[in-house]
Structure formats: structure tokens, C-alpha cells
Amino acid sequence: MAFDGRVLNGIGVLLAVVEARSFARAAAGLGLTQSGVSRAVARLEERVGVRLLQRTARAVTLTDEGRRFYEAVAPLIAGVEDATLQAADAAARPRGRLRVVVDPLVARLLVGPRIASFLAANPDLEVDMMVRDSPGDLVAEGFDVAIRFGDPEPSTLIARKLLETRVVTCASPAYLARRGRPRKPSDVAQHECLLYRDAATGRPYRWVFQQGKKTVRIQARGRLTLNDSATALAACIAGHGIAQPLELELRTLDKPGLVELFPSWKDETFPLYALYPSRQLPPAKVRAFIDFVVDASR
């Protein structure tokens, strides 16, 4: 015989009656009428196929079949209640294992230097972090959240923009002494540029300069293409060419000695996103990590 899922609707009422030993007290505790409790128990008995309660003028007691039924289902309901409380607690307090994919720049600048304080503030949380420049397939790989730069590709993931950081065009004094300083953004096309590869396309990013509503796009050229911003910045400081690091990265350097070439063209920004698979409210551990990254960037 197939299981009748409607049985579950009456079990909670039955347990309340047994614990209260009264239809009236059970009704008060459940916020129902006494007749409503009585009907719920009668429907449960009909679906189970046995009489579960013995009703007298003085008391309500379990029948032999009812006792066996009660002893079997009570621990199961307690387990469901416990699981519900644990889930609610997890939604309110970060706990368990958090699996994250983090952009290398974010990992180096924001997460690594501060992760100890994050873990100290969340003693019930364990972090498993993968550092790479592509989020991959979060769902298939079992990750809770990804933190990455750049506008995300269309997908079923939820994308939350965390911040935008300015793109700074700069070069070292040694390079400028050797090659001259470009006077306007379009002049950069005639210079040696340090190119940064877009992980999504495999091709170098185009260089964009923004000044209010004015936009200039150029095809930067150079003999060095990289996918690591720290190496690109080191090569720029060493005098190889012009680079476009993020202001977020420059803030962490101690007097890098670089010259910003176009300070009036300061409106080109690069976004940082959090990507996660659930369309519902993300768990507390995911929210805590996202807040941690945002706070670390300030």
C-alpha cells in the first residue's frame, strides 16, 4: 500500500494531545479549536487504519496500537525538530564547512592578510579555499560562493556586485625617461604595454579610458602578456612598460614609485562580484564571508 503523505499532518496534533493528556489543552497549545484537534486525530486514525486514542470523560490515553505508533514516530518527529533548529541556527550563525573560489588578486590582497581574524571571529567555521581566476562550475564542484573580478558571464548563478575599484594607467619614471610620456590616452597605442589576459576569453583585455561620458578604447600592444597582476605590476615598476593595475592593488604597495599618466581620466572602474548558486537567502557562512571581503577592501 502506498504511503499517504497526509498522515504527517495529523502526527503533530496527536503528539500534542498525548503530551497534554487533553484535547482542550492540546488545542490551546496549538492555537486550534478543540473540535479541530478532535477531527485531526480522527482523520489520522482513519488513514492509519487503527484507533490510536482511548477517550473517556476523565482522560485521553493511548490504545495499545496507539502506543506502538507513538513510540515509533515520536523519535522521528524529535529528529525533524532538531534538524530544523540546527538549520535555523546555521542560517543565523556561520558554522560548518565553507568552500570558496577566490580570484588570485582578492586572495593575495584581501583574504590572506585577514583570514586569521575572520576565522577567529567565526570559531564554528572551517574554510576550504580554491584560488583561481575562473569560478568554474560552482554547483558541480560543490562550492558555496566565488569571489571574482569582472562582469560575470550569463548563468544561473546569483551575482552580487561587492565593489568597484578604479583602473589606473601608470608607468615607472625609468620607462618614461626612455620612451617619453604619452600626453593623451590614444598615445598609449604607440607604447610598450603590459597586457593582462581575460580568463573568460583567453585574450588580453582591451584598454578603456573613461572621463565622465567620454570613452576612449584602444588596442594596446606589447610583447608581454600575463595572467598574474603581481607579476605585471612588478614588471611595470622595473620599467618594462605601461600597465593598468587596479587602485585596490596600488593601495597595498609601499611607495611603488609609479607615475599615473592620466589622472583626469579616472572614471574607468573594474567590478568585484560574489557568485553563489542559491536564489534563496544564502546561508550565514556565505553572508559572513561576503561581508568579510567587503570590509577588507575598505
# chains A, B, ... in the order shown; residues from 1 in each chain; ligands from 1

call {"tool": "select_by_dssp", "arguments": {"residues": "range 30-259 of chain A", "states": "helix (DSSP H, G or I)", "output": "VMD selection string"}}
result
chain A and resid 30 34 to 48 64 to 92 104 to 121 138 to 141 173 to 179 185 to 190 229 to 237 247 to 250

call {"tool": "residues_around", "arguments": {"residues": "range 263-269 of chain A", "least_positions_apart": "2", "cutoff": "10 Å", "atoms": "only C-alpha atoms", "output": "PyMOL selection string"}}
result
chain A and resi 150+163-170+184-185+207-216+246-247+259-261+271-272

call {"tool": "select_by_dssp", "arguments": {"residues": "range 1-62 of chain A", "states": "strand (DSSP E)", "output": "PyMOL selection string"}}
result
chain A and resi 53-55+60-62

call {"tool": "write_last_selection", "arguments": {"atoms": "C-alpha atoms", "output": "PDB file, in the first residue's frame"}}
result
ATOM      1  CA  LEU A  53      -6.558   7.160  21.421  1.00  0.00           C
ATOM      2  CA  GLN A  54      -8.984   5.944  24.060  1.00  0.00           C
ATOM      3  CA  ARG A  55     -11.275   8.794  25.015  1.00  0.00           C
ATOM      4  CA  VAL A  60      -7.316  10.595  26.980  1.00  0.00           C
ATOM      5  CA  THR A  61      -4.939   7.627  26.779  1.00  0.00           C
ATOM      6  CA  LEU A  62      -3.183   5.701  24.034  1.00  0.00           C
TER       7      LEU A  62
END

call {"tool": "residues_around", "arguments": {"residues": "range 40-47 of chain A", "least_positions_apart": "2", "cutoff": "12 Å", "atoms": "only C-alpha atoms", "output": "ChimeraX atom specification"}}
result
/A:1-18,23,26-27,30,32-38,49-55,60,62-63,65-66,69

call {"tool": "closest_residue", "arguments": {"among": "A:Pro152, A:Pro94, A:Pro123, A:Gly112", "to": "Gly136 in chain A", "atoms": "only C-alpha atoms"}}
result
A:Pro152

call {"tool": "residues_around", "arguments": {"residues": "Gly222 in chain A", "least_positions_apart": "2", "cutoff": "7 Å", "atoms": "only C-alpha atoms", "output": "list of chain:residue names"}}
result
A:Glu192, A:Cys193, A:Leu194, A:Leu195, A:Ala220, A:Leu224

call {"tool": "write_last_selection", "arguments": {"atoms": "C-alpha atoms", "output": "mmCIF file, in the first residue's frame"}}
result
data_model
loop_
_atom_site.group_PDB
_atom_site.id
_atom_site.type_symbol
_atom_site.label_atom_id
_atom_site.label_comp_id
_atom_site.auth_asym_id
_atom_site.auth_seq_id
_atom_site.Cartn_x
_atom_site.Cartn_y
_atom_site.Cartn_z
ATOM 1 C CA GLU A 192 55.049 49.095 -24.859
ATOM 2 C CA CYS A 193 52.125 47.878 -22.739
ATOM 3 C CA LEU A 194 51.836 45.089 -20.206
ATOM 4 C CA LEU A 195 48.830 43.066 -21.323
ATOM 5 C CA ALA A 220 47.144 48.179 -26.506
ATOM 6 C CA LEU A 224 54.451 40.569 -22.537
#

call {"tool": "closest_residue", "arguments": {"among": "A:Tyr70, A:Arg298, A:Arg203, A:Phe289", "to": "Leu119 in chain A", "atoms": "only C-alpha atoms"}}
result
A:Phe289

call {"tool": "atom_distance", "arguments": {"atom1": "CA of Arg114 in chain A", "atom2": "CA of Val293 in chain A"}}
result
9.3 Å

call {"tool": "decode", "arguments": {"residues": "range 156-217 of chain A", "atoms": "C-alpha atoms", "output": "mmCIF file, in the first residue's frame"}}
result
data_model
loop_
_atom_site.group_PDB
_atom_site.id
_atom_site.type_symbol
_atom_site.label_atom_id
_atom_site.label_comp_id
_atom_site.auth_asym_id
_atom_site.auth_seq_id
_atom_site.Cartn_x
_atom_site.Cartn_y
_atom_site.Cartn_z
ATOM 1 C CA THR A 156 22.018 30.583 -13.382
ATOM 2 C CA LEU A 157 24.264 31.837 -10.568
ATOM 3 C CA ILE A 158 23.264 34.785 -8.434
ATOM 4 C CA ALA A 159 25.704 37.674 -8.991
ATOM 5 C CA ARG A 160 26.070 40.340 -6.309
ATOM 6 C CA LYS A 161 28.357 43.289 -7.010
ATOM 7 C CA LEU A 162 30.531 43.953 -3.963
ATOM 8 C CA LEU A 163 32.569 46.959 -5.070
ATOM 9 C CA GLU A 164 34.196 48.780 -7.961
ATOM 10 C CA THR A 165 37.840 49.792 -7.967
ATOM 11 C CA ARG A 166 39.451 52.333 -10.283
ATOM 12 C CA VAL A 167 41.710 51.275 -13.158
ATOM 13 C CA VAL A 168 44.949 53.294 -13.037
ATOM 14 C CA THR A 169 47.208 53.728 -16.077
ATOM 15 C CA CYS A 170 50.791 54.128 -14.915
ATOM 16 C CA ALA A 171 54.464 53.640 -15.697
ATOM 17 C CA SER A 172 57.787 53.935 -13.932
ATOM 18 C CA PRO A 173 59.987 57.058 -14.178
ATOM 19 C CA ALA A 174 62.669 54.910 -15.855
ATOM 20 C CA TYR A 175 60.293 53.873 -18.639
ATOM 21 C CA LEU A 176 59.062 57.426 -19.189
ATOM 22 C CA ALA A 177 62.635 58.728 -19.322
ATOM 23 C CA ARG A 178 63.416 56.163 -22.010
ATOM 24 C CA ARG A 179 60.249 56.327 -24.129
ATOM 25 C CA GLY A 180 58.638 59.644 -23.254
ATOM 26 C CA ARG A 181 55.311 60.286 -21.552
ATOM 27 C CA PRO A 182 52.076 59.830 -23.516
ATOM 28 C CA ARG A 183 50.033 63.019 -23.446
ATOM 29 C CA LYS A 184 46.608 61.552 -24.146
ATOM 30 C CA PRO A 185 45.075 58.053 -23.908
ATOM 31 C CA SER A 186 45.315 57.364 -27.650
ATOM 32 C CA ASP A 187 49.114 57.832 -27.451
ATOM 33 C CA VAL A 188 49.345 54.624 -25.404
ATOM 34 C CA ALA A 189 48.857 52.605 -28.609
ATOM 35 C CA GLN A 190 52.404 53.618 -29.612
ATOM 36 C CA HIS A 191 53.957 52.391 -26.360
ATOM 37 C CA GLU A 192 55.049 49.095 -24.859
ATOM 38 C CA CYS A 193 52.125 47.878 -22.739
ATOM 39 C CA LEU A 194 51.836 45.089 -20.206
ATOM 40 C CA LEU A 195 48.830 43.066 -21.323
ATOM 41 C CA TYR A 196 46.562 41.169 -18.929
ATOM 42 C CA ARG A 197 44.727 38.079 -20.141
ATOM 43 C CA ASP A 198 40.966 37.799 -19.659
ATOM 44 C CA ALA A 199 40.331 34.374 -18.140
ATOM 45 C CA ALA A 200 36.900 34.183 -19.795
ATOM 46 C CA THR A 201 38.144 34.731 -23.362
ATOM 47 C CA GLY A 202 41.835 33.860 -23.180
ATOM 48 C CA ARG A 203 42.618 37.151 -24.949
ATOM 49 C CA PRO A 204 44.146 40.326 -23.462
ATOM 50 C CA TYR A 205 41.719 42.911 -22.137
ATOM 51 C CA ARG A 206 41.173 45.956 -24.314
ATOM 52 C CA TRP A 207 42.253 49.178 -22.664
ATOM 53 C CA VAL A 208 39.433 51.604 -21.906
ATOM 54 C CA PHE A 209 39.732 55.184 -20.677
ATOM 55 C CA GLN A 210 36.712 56.891 -19.154
ATOM 56 C CA GLN A 211 36.214 60.570 -18.388
ATOM 57 C CA GLY A 212 32.618 61.286 -17.498
ATOM 58 C CA LYS A 213 30.603 60.318 -20.576
ATOM 59 C CA LYS A 214 33.670 60.314 -22.810
ATOM 60 C CA THR A 215 35.167 56.900 -23.578
ATOM 61 C CA VAL A 216 38.340 56.028 -25.478
ATOM 62 C CA ARG A 217 39.116 52.409 -26.369
#
